[in-house]
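Dumped model-v8.cif below, it's mmCIF, C-alpha atoms and all ligand atoms; chains and numbers go by the auth columns:
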data_start
#
loop_
_atom_site.group_PDB
_atom_site.id
_atom_site.type_symbol
_atom_site.label_atom_id
_atom_site.label_comp_id
_atom_site.label_asym_id
_atom_site.label_seq_id
_atom_site.Cartn_x
_atom_site.Cartn_y
_atom_site.Cartn_z
_atom_site.B_iso_or_equiv
_atom_site.auth_seq_id
_atom_site.auth_asym_id
ATOM 1 C CA MET A 1 -158.131 -178.687 -83.217 0.00 303 S
ATOM 2 C CA PHE A 2 -155.007 -177.120 -84.700 0.00 304 S
ATOM 3 C CA LYS A 3 -151.729 -176.297 -82.989 0.00 305 S
ATOM 4 C CA ALA A 4 -149.018 -173.703 -82.976 0.00 306 S
ATOM 5 C CA GLY A 5 -146.235 -174.767 -80.621 0.00 307 S
ATOM 6 C CA ALA A 6 -147.739 -174.753 -77.159 0.00 308 S
ATOM 7 C CA THR A 7 -150.874 -172.952 -78.278 0.00 309 S
ATOM 8 C CA HIS A 8 -153.753 -174.784 -79.828 0.00 310 S
ATOM 9 C CA TYR A 9 -157.059 -173.573 -81.113 0.00 311 S
ATOM 10 C CA HIS A 10 -160.279 -175.272 -82.104 0.00 312 S
ATOM 11 C CA ILE A 11 -162.879 -174.834 -84.749 0.00 313 S
ATOM 12 C CA GLU A 12 -166.516 -175.712 -84.823 0.00 314 S
ATOM 13 C CA PHE A 13 -167.558 -176.967 -88.266 0.00 315 S
ATOM 14 C CA VAL A 14 -171.298 -176.879 -88.953 0.00 316 S
ATOM 15 C CA VAL A 15 -173.022 -178.179 -92.075 0.00 317 S
ATOM 16 C CA GLU A 16 -176.707 -177.390 -92.474 0.00 318 S
ATOM 17 C CA THR A 17 -178.964 -179.603 -94.593 0.00 319 S
ATOM 18 C CA THR A 18 -179.421 -176.690 -97.008 0.00 320 S
ATOM 19 C CA GLY A 19 -175.714 -176.939 -97.902 0.00 321 S
ATOM 20 C CA ARG A 20 -174.774 -173.899 -95.827 0.00 322 S
ATOM 21 C CA VAL A 21 -171.491 -174.449 -93.993 0.00 323 S
ATOM 22 C CA ARG A 22 -170.241 -172.355 -91.073 0.00 324 S
ATOM 23 C CA VAL A 23 -166.870 -172.339 -89.374 0.00 325 S
ATOM 24 C CA TYR A 24 -166.387 -170.822 -85.922 0.00 326 S
ATOM 25 C CA PRO A 25 -162.811 -170.492 -84.623 0.00 327 S
ATOM 26 C CA LEU A 26 -162.635 -171.142 -80.863 0.00 328 S
ATOM 27 C CA ASP A 27 -159.947 -170.360 -78.326 0.00 329 S
ATOM 28 C CA GLU A 28 -157.864 -172.830 -76.305 0.00 330 S
ATOM 29 C CA SER A 29 -160.765 -173.614 -74.000 0.00 331 S
ATOM 30 C CA ALA A 30 -162.836 -174.575 -77.051 0.00 332 S
ATOM 31 C CA THR A 31 -165.706 -172.548 -75.607 0.00 333 S
ATOM 32 C CA ARG A 32 -165.027 -168.906 -76.445 0.00 334 S
ATOM 33 C CA PRO A 33 -165.010 -167.423 -79.972 0.00 335 S
ATOM 34 C CA LEU A 34 -161.550 -166.686 -81.318 0.00 336 S
ATOM 35 C CA SER A 35 -161.123 -163.568 -83.395 0.00 337 S
ATOM 36 C CA VAL A 36 -158.975 -164.287 -86.461 0.00 338 S
ATOM 37 C CA ASP A 37 -157.881 -162.477 -89.633 0.00 339 S
ATOM 38 C CA ALA A 38 -160.802 -161.845 -91.998 0.00 340 S
ATOM 39 C CA GLN A 39 -159.661 -163.929 -94.961 0.00 341 S
ATOM 40 C CA PRO A 40 -161.305 -165.980 -97.663 0.00 342 S
ATOM 41 C CA LEU A 41 -160.802 -169.668 -96.808 0.00 343 S
ATOM 42 C CA VAL A 42 -160.483 -172.351 -99.426 0.00 344 S
ATOM 43 C CA LEU A 43 -161.203 -175.779 -98.000 0.00 345 S
ATOM 44 C CA SER A 44 -160.679 -179.031 -99.753 0.00 346 S
ATOM 45 C CA VAL A 45 -163.617 -181.336 -99.097 0.00 347 S
ATOM 46 C CA GLU A 46 -163.454 -184.955 -100.108 0.00 348 S
ATOM 47 C CA GLY A 47 -166.557 -187.107 -100.049 0.00 349 S
ATOM 48 C CA PRO A 48 -166.989 -190.881 -100.321 0.00 350 S
ATOM 49 C CA SER A 49 -166.439 -190.696 -104.097 0.00 351 S
ATOM 50 C CA GLY A 50 -162.855 -189.615 -103.357 0.00 352 S
ATOM 51 C CA ASP A 51 -163.039 -186.516 -105.516 0.00 353 S
ATOM 52 C CA PRO A 52 -161.663 -183.469 -103.621 0.00 354 S
ATOM 53 C CA THR A 53 -163.795 -180.372 -104.153 0.00 355 S
ATOM 54 C CA PRO A 54 -162.509 -176.894 -103.324 0.00 356 S
ATOM 55 C CA VAL A 55 -165.029 -174.921 -101.287 0.00 357 S
ATOM 56 C CA MET A 56 -164.776 -171.212 -100.609 0.00 358 S
ATOM 57 C CA LEU A 57 -165.823 -169.679 -97.284 0.00 359 S
ATOM 58 C CA ARG A 58 -165.998 -165.950 -96.728 0.00 360 S
ATOM 59 C CA PRO A 59 -165.461 -164.152 -93.441 0.00 361 S
ATOM 60 C CA VAL A 60 -168.462 -162.539 -91.785 0.00 362 S
ATOM 61 C CA THR A 61 -167.166 -159.141 -90.708 0.00 363 S
ATOM 62 C CA GLU A 62 -168.642 -156.559 -88.430 0.00 364 S
ATOM 63 C CA GLU A 63 -168.380 -152.871 -89.132 0.00 365 S
ATOM 64 C CA GLU A 64 -166.852 -152.158 -85.721 0.00 366 S
ATOM 65 C CA LEU A 65 -164.082 -154.715 -86.241 0.00 367 S
ATOM 66 C CA PRO A 66 -162.913 -154.618 -89.842 0.00 368 S
ATOM 67 C CA GLY A 67 -160.117 -157.045 -90.661 0.00 369 S
ATOM 68 C CA THR A 68 -161.139 -159.651 -88.095 0.00 370 S
ATOM 69 C CA THR A 69 -163.866 -162.232 -87.842 0.00 371 S
ATOM 70 C CA THR A 70 -165.246 -164.978 -85.621 0.00 372 S
ATOM 71 C CA GLN A 71 -167.281 -166.743 -88.315 0.00 373 S
ATOM 72 C CA PHE A 72 -166.911 -167.953 -91.895 0.00 374 S
ATOM 73 C CA VAL A 73 -169.765 -168.993 -94.153 0.00 375 S
ATOM 74 C CA GLY A 74 -170.056 -170.727 -97.472 0.00 376 S
ATOM 75 C CA ARG A 75 -171.995 -173.401 -99.266 0.00 377 S
ATOM 76 C CA LEU A 76 -171.201 -176.977 -100.172 0.00 378 S
ATOM 77 C CA PRO A 77 -172.005 -178.447 -103.556 0.00 379 S
ATOM 78 C CA ALA A 78 -174.380 -181.435 -103.323 0.00 380 S
ATOM 79 C CA ARG A 79 -171.700 -184.033 -103.993 0.00 381 S
ATOM 80 C CA ALA A 80 -169.745 -182.789 -100.965 0.00 382 S
ATOM 81 C CA ILE A 81 -172.591 -182.894 -98.496 0.00 383 S
ATOM 82 C CA VAL A 82 -173.311 -186.570 -97.935 0.00 384 S
ATOM 83 C CA GLY A 83 -171.798 -189.069 -95.537 0.00 385 S
ATOM 84 C CA ARG A 84 -168.248 -188.781 -94.371 0.00 386 S
ATOM 85 C CA LEU A 85 -166.093 -185.847 -95.426 0.00 387 S
ATOM 86 C CA ALA A 86 -162.354 -185.339 -95.225 0.00 388 S
ATOM 87 C CA VAL A 87 -161.999 -181.594 -94.708 0.00 389 S
ATOM 88 C CA ARG A 88 -158.660 -179.868 -95.241 0.00 390 S
ATOM 89 C CA PHE A 89 -157.843 -176.250 -94.422 0.00 391 S
ATOM 90 C CA ASN A 90 -154.938 -175.381 -96.681 0.00 392 S
ATOM 91 C CA GLU A 91 -154.156 -172.034 -95.137 0.00 393 S
ATOM 92 C CA PHE A 92 -155.763 -170.487 -92.101 0.00 394 S
ATOM 93 C CA LYS A 93 -154.302 -167.289 -90.671 0.00 395 S
ATOM 94 C CA VAL A 94 -154.540 -166.484 -86.982 0.00 396 S
ATOM 95 C CA ARG A 95 -152.732 -163.345 -85.825 0.00 397 S
ATOM 96 C CA GLY A 96 -150.229 -163.511 -88.624 0.00 398 S
ATOM 97 C CA GLU A 97 -149.467 -167.244 -88.237 0.00 399 S
ATOM 98 C CA ARG A 98 -150.491 -169.657 -90.984 0.00 400 S
ATOM 99 C CA TYR A 99 -152.007 -173.009 -90.091 0.00 401 S
ATOM 100 C CA ARG A 100 -152.803 -176.054 -92.135 0.00 402 S
ATOM 101 C CA PHE A 101 -154.916 -178.869 -90.704 0.00 403 S
ATOM 102 C CA GLU A 102 -157.498 -181.461 -91.565 0.00 404 S
ATOM 103 C CA PHE A 103 -160.189 -183.549 -89.947 0.00 405 S
ATOM 104 C CA VAL A 104 -162.983 -185.934 -90.788 0.00 406 S
ATOM 105 C CA TRP A 105 -166.589 -184.815 -90.494 0.00 407 S
ATOM 106 C CA ASN A 106 -169.419 -187.325 -90.295 0.00 408 S
ATOM 107 C CA SER A 107 -172.893 -186.181 -91.178 0.00 409 S
ATOM 108 C CA PRO A 108 -175.358 -186.734 -88.326 0.00 410 S
ATOM 109 C CA VAL A 109 -178.155 -186.790 -90.915 0.00 411 S
ATOM 110 C CA GLY A 110 -178.858 -189.687 -93.286 0.00 412 S
ATOM 111 C CA GLU A 111 -177.894 -189.298 -96.921 0.00 413 S
ATOM 112 C CA GLU A 112 -181.460 -189.433 -98.239 0.00 414 S
ATOM 113 C CA ALA A 113 -182.773 -186.778 -95.842 0.00 415 S
ATOM 114 C CA LEU A 114 -179.772 -184.591 -96.574 0.00 416 S
ATOM 115 C CA LEU A 115 -180.168 -184.763 -100.334 0.00 417 S
ATOM 116 C CA ALA A 116 -183.915 -184.127 -100.099 0.00 418 S
ATOM 117 C CA ALA A 117 -183.339 -181.002 -97.986 0.00 419 S
ATOM 118 C CA TYR A 118 -180.569 -179.862 -100.309 0.00 420 S
ATOM 119 C CA SER A 119 -182.787 -180.206 -103.401 0.00 421 S
ATOM 120 C CA ASP A 120 -185.610 -178.341 -101.688 0.00 422 S
ATOM 121 C CA GLU A 121 -183.226 -175.494 -100.949 0.00 423 S
ATOM 122 C CA GLN A 122 -181.944 -175.475 -104.539 0.00 424 S
ATOM 123 C CA ARG A 123 -185.534 -175.227 -105.819 0.00 425 S
ATOM 124 C CA ARG A 124 -186.306 -172.452 -103.361 0.00 426 S
ATOM 125 C CA ILE A 125 -183.224 -170.489 -104.480 0.00 427 S
ATOM 126 C CA PHE A 126 -183.401 -170.997 -108.239 0.00 428 S
ATOM 127 C CA LEU A 127 -186.981 -171.674 -109.261 0.00 429 S
ATOM 128 C CA THR A 128 -188.818 -168.881 -107.451 0.00 430 S
ATOM 129 C CA PRO A 129 -188.413 -165.250 -108.539 0.00 431 S
ATOM 130 C CA SER A 130 -187.917 -162.446 -106.022 0.00 432 S
ATOM 131 C CA GLY A 131 -186.135 -159.075 -105.888 0.00 433 S
ATOM 132 C CA LYS A 132 -183.749 -158.842 -108.824 0.00 434 S
ATOM 133 C CA TYR A 133 -184.133 -162.529 -109.732 0.00 435 S
ATOM 134 C CA LEU A 134 -186.831 -162.651 -112.376 0.00 436 S
ATOM 135 C CA ASP A 135 -189.134 -165.175 -114.047 0.00 437 S
ATOM 136 C CA SER A 136 -187.282 -164.490 -117.287 0.00 438 S
ATOM 137 C CA ASP A 137 -183.962 -165.336 -115.526 0.00 439 S
ATOM 138 C CA ILE A 138 -185.367 -168.710 -114.469 0.00 440 S
ATOM 139 C CA ARG A 139 -186.317 -169.401 -118.097 0.00 441 S
ATOM 140 C CA ASP A 140 -182.952 -168.153 -119.450 0.00 442 S
ATOM 141 C CA ASN A 141 -181.136 -170.439 -117.005 0.00 443 S
ATOM 142 C CA GLY A 142 -183.019 -173.445 -118.364 0.00 444 S
ATOM 143 C CA GLY A 143 -185.514 -173.827 -115.511 0.00 445 S
ATOM 144 C CA ILE A 144 -183.065 -175.817 -113.384 0.00 446 S
ATOM 145 C CA SER A 145 -180.919 -175.221 -110.308 0.00 447 S
ATOM 146 C CA ALA A 146 -177.208 -174.405 -110.404 0.00 448 S
ATOM 147 C CA ASN A 147 -176.409 -177.696 -108.709 0.00 449 S
ATOM 148 C CA ALA A 148 -178.339 -179.608 -111.363 0.00 450 S
ATOM 149 C CA LYS A 149 -176.428 -177.772 -114.075 0.00 451 S
ATOM 150 C CA PHE A 150 -172.903 -177.840 -112.655 0.00 452 S
ATOM 151 C CA ALA A 151 -172.796 -180.874 -110.347 0.00 453 S
ATOM 152 C CA THR A 152 -170.042 -182.631 -112.265 0.00 454 S
ATOM 153 C CA ILE A 153 -167.730 -179.657 -112.801 0.00 455 S
ATOM 154 C CA THR A 154 -164.815 -179.151 -110.405 0.00 456 S
ATOM 155 C CA PRO A 155 -163.828 -175.498 -109.940 0.00 457 S
ATOM 156 C CA THR A 156 -160.232 -174.284 -110.151 0.00 458 S
ATOM 157 C CA HIS A 157 -160.377 -171.382 -107.663 0.00 459 S
ATOM 158 C CA ASP A 158 -157.637 -169.193 -109.064 0.00 460 S
ATOM 159 C CA HIS A 159 -156.845 -166.646 -106.300 0.00 461 S
ATOM 160 C CA SER A 160 -154.811 -164.341 -108.536 0.00 462 S
ATOM 161 C CA PRO A 161 -156.948 -162.809 -111.264 0.00 463 S
ATOM 162 C CA GLN A 162 -154.997 -160.515 -113.597 0.00 464 S
ATOM 163 C CA PRO A 163 -156.091 -156.950 -114.416 0.00 465 S
ATOM 164 C CA GLY A 164 -158.997 -157.160 -116.856 0.00 466 S
ATOM 165 C CA ASP A 165 -160.048 -160.673 -115.779 0.00 467 S
ATOM 166 C CA ARG A 166 -163.633 -161.228 -114.766 0.00 468 S
ATOM 167 C CA VAL A 167 -163.882 -162.010 -111.054 0.00 469 S
ATOM 168 C CA CYS A 168 -166.498 -163.922 -109.115 0.00 470 S
ATOM 169 C CA PRO A 169 -168.926 -161.401 -107.538 0.00 471 S
ATOM 170 C CA VAL A 170 -168.982 -163.474 -104.342 0.00 472 S
ATOM 171 C CA SER A 171 -165.382 -164.517 -103.706 0.00 473 S
ATOM 172 C CA GLY A 172 -163.298 -162.171 -105.849 0.00 474 S
ATOM 173 C CA PHE A 173 -161.430 -165.180 -107.273 0.00 475 S
ATOM 174 C CA LYS A 174 -160.970 -165.461 -111.029 0.00 476 S
ATOM 175 C CA ALA A 175 -164.312 -166.294 -112.668 0.00 477 S
ATOM 176 C CA GLU A 176 -164.532 -169.342 -114.948 0.00 478 S
ATOM 177 C CA ALA A 177 -166.510 -169.025 -118.181 0.00 479 S
ATOM 178 C CA VAL A 178 -168.263 -172.346 -117.556 0.00 480 S
ATOM 179 C CA PHE A 179 -170.007 -171.066 -114.392 0.00 481 S
ATOM 180 C CA THR A 180 -172.416 -168.465 -115.778 0.00 482 S
ATOM 181 C CA TRP A 181 -175.890 -167.541 -114.561 0.00 483 S
ATOM 182 C CA VAL A 182 -178.434 -164.938 -115.636 0.00 484 S
ATOM 183 C CA VAL A 183 -179.617 -162.583 -112.904 0.00 485 S
ATOM 184 C CA GLY A 184 -181.766 -159.537 -113.618 0.00 486 S
ATOM 185 C CA GLY A 185 -181.286 -160.141 -117.343 0.00 487 S
ATOM 186 C CA ASP A 186 -177.511 -159.798 -116.984 0.00 488 S
ATOM 187 C CA ARG A 187 -175.130 -162.741 -117.453 0.00 489 S
ATOM 188 C CA TYR A 188 -172.697 -163.173 -114.515 0.00 490 S
ATOM 189 C CA THR A 189 -169.628 -165.401 -114.301 0.00 491 S
ATOM 190 C CA PHE A 190 -168.567 -167.166 -111.083 0.00 492 S
ATOM 191 C CA CYS A 191 -165.792 -169.306 -109.590 0.00 493 S
ATOM 192 C CA CYS A 192 -168.018 -172.249 -108.595 0.00 494 S
ATOM 193 C CA GLN A 193 -171.623 -173.420 -108.165 0.00 495 S
ATOM 194 C CA PRO A 194 -172.087 -172.524 -104.474 0.00 496 S
ATOM 195 C CA CYS A 195 -171.154 -168.907 -105.270 0.00 497 S
ATOM 196 C CA ILE A 196 -174.057 -168.833 -107.744 0.00 498 S
ATOM 197 C CA ASP A 197 -176.351 -169.935 -104.896 0.00 499 S
ATOM 198 C CA GLU A 198 -175.026 -167.077 -102.753 0.00 500 S
ATOM 199 C CA PHE A 199 -175.377 -164.499 -105.494 0.00 501 S
ATOM 200 C CA VAL A 200 -178.941 -165.425 -106.412 0.00 502 S
ATOM 201 C CA LEU A 201 -179.854 -165.251 -102.712 0.00 503 S
ATOM 202 C CA LEU A 202 -178.268 -161.789 -102.607 0.00 504 S
ATOM 203 C CA ALA A 203 -180.238 -160.691 -105.693 0.00 505 S
ATOM 204 C CA LYS A 204 -183.438 -161.863 -104.015 0.00 506 S
ATOM 205 C CA GLU A 205 -182.831 -160.615 -100.501 0.00 507 S
ATOM 206 C CA ARG A 206 -180.566 -157.551 -100.901 0.00 508 S
ATOM 207 C CA PRO A 207 -181.002 -156.541 -104.570 0.00 509 S
ATOM 208 C CA ASP A 208 -179.468 -153.098 -104.011 0.00 510 S
ATOM 209 C CA GLU A 209 -176.082 -154.748 -103.470 0.00 511 S
ATOM 210 C CA VAL A 210 -176.046 -156.369 -106.912 0.00 512 S
ATOM 211 C CA ARG A 211 -173.938 -154.518 -109.483 0.00 513 S
ATOM 212 C CA PRO A 212 -174.041 -154.936 -113.278 0.00 514 S
ATOM 213 C CA ALA A 213 -172.064 -157.977 -114.524 0.00 515 S
ATOM 214 C CA ASP A 214 -169.396 -155.936 -116.289 0.00 516 S
ATOM 215 C CA ARG A 215 -168.434 -154.273 -113.008 0.00 517 S
ATOM 216 C CA TYR A 216 -167.023 -157.483 -111.554 0.00 518 S
ATOM 217 C CA VAL A 217 -163.604 -157.183 -113.189 0.00 519 S
ATOM 218 C CA ARG A 218 -160.166 -157.098 -111.599 0.00 520 S
HETATM 219 ZN ZN ZN B . -167.115 -167.612 -106.402 0.00 601 G
HETATM 220 ZN ZN ZN B . -165.917 -170.623 -105.662 0.00 602 G
#

Now, as a test, write the supplied structure out as structure tokens.
Ligand SMILES: [Zn+2]
Ligand SMILES: [Zn+2]
Amino acid sequence: MFKAGATHYHIEFVVETTGRVRVYPLDESATRPLSVDAQPLVLSVEGPSGDPTPVMLRPVTEEELPGTTTQFVGRLPARAIVGRLAVRFNEFKVRGERYRFEFVWNSPVGEEALLAAYSDEQRRIFLTPSGKYLDSDIRDNGGISANAKFATITPTHDHSPQPGDRVCPVSGFKAEAVFTWVVGGDRYTFCCQPCIDEFVLLAKERPDEVRPADRYVR
């Protein structure tokens, strides 16, 4: 729940065992969807290790209602999926007002089951070719998943790329040279590991939406 004077709203925070996270804003009754500004959300998620990890969620928009949304989706890195999480929304805009709030989320699923499901999903995403994601890409990426490669690296999430900077194809934030992945023979640069998951899924499921790497520039 988060408040603005007399008004308060709610959110439903859902974490799937695959690492997919969904946020649904709800109205004062906590039952009806609340339409809010379509905005990228950067959450800070802190697991039992005490290391806060920034996680990016993007708004799911509908063509009929551009600029607003009732759902945000993103992915958690493996180290932010287990056990008890402190989740902080640093800036959440609802009808022009900015909110900041935090809560604790406890996983209903045991750590072992969660990590097993997460690894299965990583294998499914990264070690099977489909669409624009090729066998040669899997080899060029070292035959491992993005989580296996980048698990220990904390992203910066710079929201203000300068003209000429490479931007993450998923979030539009400034891309970091450390987070690179080969897709369709082209080397892409991202803002964090979960965005690589998203992009490879896009290349497999909706390959027409993938542009050449050098097009993702501010
Ligand atoms: Zn990104
Ligand atoms: Zn990111």

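Checking S:Ile440, S:Ile427, S:Ile455, S:Leu328 one by one against Val502 (chain S), counting all atoms listed in the file, you find the shortest gap at S:Ile427.
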
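Nearest-residue note for ligand ZN 602 (chain G): choosing from S:Thr370, S:Ser409, S:Thr456, S:Thr319, the minimum distance belongs to S:Thr456, counting only C-alpha atoms and all ligand atoms.
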
Next on the checklist: Set the distance at 10 Å and use all atoms listed in the file: which residues neighbour Ser331 (chain S) once local chain neighbours fewer than 2 positions away are removed? I'd like the list as a PyMOL selection string.
Outcome noted: chain S and resi 310-312+328-329+333-335

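Once the PyMOL selection byres (((chain S and resi 459-462) around 9) and not hetatm) is applied to the shown structure, the selection contains Val344, Pro356, Val357, Met358, Pro457, Thr458, Pro463, Gln464, Gly474, Phe475, Lys476, Ala477, Glu478, Cys493 and Cys494 of chain S.
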
Write the selection just made, keeping C-alpha atoms, as a short mmCIF file (atom, residue, chain, number, x, y, z; two decimals), keeping the file's coordinate frame?
data_model
loop_
_atom_site.label_atom_id
_atom_site.label_comp_id
_atom_site.auth_asym_id
_atom_site.auth_seq_id
_atom_site.Cartn_x
_atom_site.Cartn_y
_atom_site.Cartn_z
CA VAL S 344 -160.48 -172.35 -99.43
CA PRO S 356 -162.51 -176.89 -103.32
CA VAL S 357 -165.03 -174.92 -101.29
CA MET S 358 -164.78 -171.21 -100.61
CA PRO S 457 -163.83 -175.50 -109.94
CA THR S 458 -160.23 -174.28 -110.15
CA PRO S 463 -156.95 -162.81 -111.26
CA GLN S 464 -155.00 -160.51 -113.60
CA GLY S 474 -163.30 -162.17 -105.85
CA PHE S 475 -161.43 -165.18 -107.27
CA LYS S 476 -160.97 -165.46 -111.03
CA ALA S 477 -164.31 -166.29 -112.67
CA GLU S 478 -164.53 -169.34 -114.95
CA CYS S 493 -165.79 -169.31 -109.59
CA CYS S 494 -168.02 -172.25 -108.60
#

Next on the checklist: Between CA of Phe428 (chain S) and CA of Pro471 (chain S), what is the distance in Å, rounded to a tenth?
Outcome noted: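 It comes out at 17.4 Å.
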
Item to check | Hits from the PyMOL selection byres (((not hetatm)) within 6 of (chain G and resi 601)), listed as a count of residues only | outcome: 7

Checklist entry - Hey, what's within 6 Å of region 413-424 of chain S if we count only C-alpha atoms and toss same-chain stuff fewer than 6 positions away? As JSON, numbers by chain, please? => result {"S": [319, 320, 384, 447]}

Item to check | Selection under test: the PyMOL selection byres (((chain S and resi 403) around 12) and not hetatm); residues as a ChimeraX atom specification | outcome: /S:303-306,310-313,345-346,388-395,400-402,404-406

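Interatomic distance, CA of Lys451 (chain S) to CA of Tyr490 (chain S): 15.1 Å.
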
Checklist entry - Which is closer to Gly376 (chain S) than all the others in S:Val362, S:Val484, S:Ala448, S:Val469, using only C-alpha atoms? => result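 The closest residue to Gly376 (chain S) is S:Val362.
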
Checklist entry - What gap, in Å, lies between CA of Pro327 (chain S) and CA of Val375 (chain S)? => result 11.9 Å

As a CSV table (one decimal), in the coordinates of the input, could you write out region 467-484 of chain S once it has been completed with N, CA and C atoms?
chain,number,residue,atom,x,y,z
S,467,ASP,N,-159.3,-159.4,-115.9
S,467,ASP,CA,-160.0,-160.7,-115.8
S,467,ASP,C,-161.4,-160.4,-115.1
S,468,ARG,N,-162.4,-161.2,-115.5
S,468,ARG,CA,-163.6,-161.2,-114.8
S,468,ARG,C,-163.4,-161.9,-113.4
S,469,VAL,N,-164.0,-161.4,-112.4
S,469,VAL,CA,-163.9,-162.0,-111.1
S,469,VAL,C,-165.3,-162.4,-110.6
S,470,CYS,N,-165.3,-163.4,-109.7
S,470,CYS,CA,-166.5,-163.9,-109.1
S,470,CYS,C,-167.1,-162.8,-108.2
S,471,PRO,N,-168.3,-162.5,-108.4
S,471,PRO,CA,-168.9,-161.4,-107.5
S,471,PRO,C,-169.0,-161.8,-106.1
S,472,VAL,N,-168.9,-163.0,-105.7
S,472,VAL,CA,-169.0,-163.5,-104.3
S,472,VAL,C,-167.6,-163.6,-103.7
S,473,SER,N,-166.7,-164.2,-104.3
S,473,SER,CA,-165.4,-164.5,-103.7
S,473,SER,C,-164.3,-163.6,-104.1
S,474,GLY,N,-164.4,-163.0,-105.3
S,474,GLY,CA,-163.3,-162.2,-105.8
S,474,GLY,C,-162.2,-163.0,-106.5
S,475,PHE,N,-162.4,-164.3,-106.5
S,475,PHE,CA,-161.4,-165.2,-107.3
S,475,PHE,C,-161.7,-165.0,-108.8
S,476,LYS,N,-160.8,-165.5,-109.6
S,476,LYS,CA,-161.0,-165.5,-111.0
S,476,LYS,C,-162.2,-166.2,-111.4
S,477,ALA,N,-163.1,-165.6,-112.2
S,477,ALA,CA,-164.3,-166.3,-112.7
S,477,ALA,C,-164.0,-167.3,-113.8
S,478,GLU,N,-164.7,-168.4,-113.9
S,478,GLU,CA,-164.5,-169.3,-114.9
S,478,GLU,C,-165.7,-169.3,-115.9
S,479,ALA,N,-165.4,-169.2,-117.2
S,479,ALA,CA,-166.5,-169.0,-118.2
S,479,ALA,C,-167.6,-170.1,-118.1
S,480,VAL,N,-167.3,-171.3,-117.6
S,480,VAL,CA,-168.3,-172.3,-117.6
S,480,VAL,C,-169.4,-172.0,-116.5
S,481,PHE,N,-169.0,-171.3,-115.5
S,481,PHE,CA,-170.0,-171.1,-114.4
S,481,PHE,C,-170.7,-169.7,-114.6
S,482,THR,N,-171.7,-169.7,-115.6
S,482,THR,CA,-172.4,-168.5,-115.8
S,482,THR,C,-173.9,-168.6,-115.4
S,483,TRP,N,-174.5,-167.5,-115.0
S,483,TRP,CA,-175.9,-167.5,-114.6
S,483,TRP,C,-176.5,-166.2,-114.9
S,484,VAL,N,-177.8,-166.2,-115.3
S,484,VAL,CA,-178.4,-164.9,-115.6
S,484,VAL,C,-179.2,-164.4,-114.4
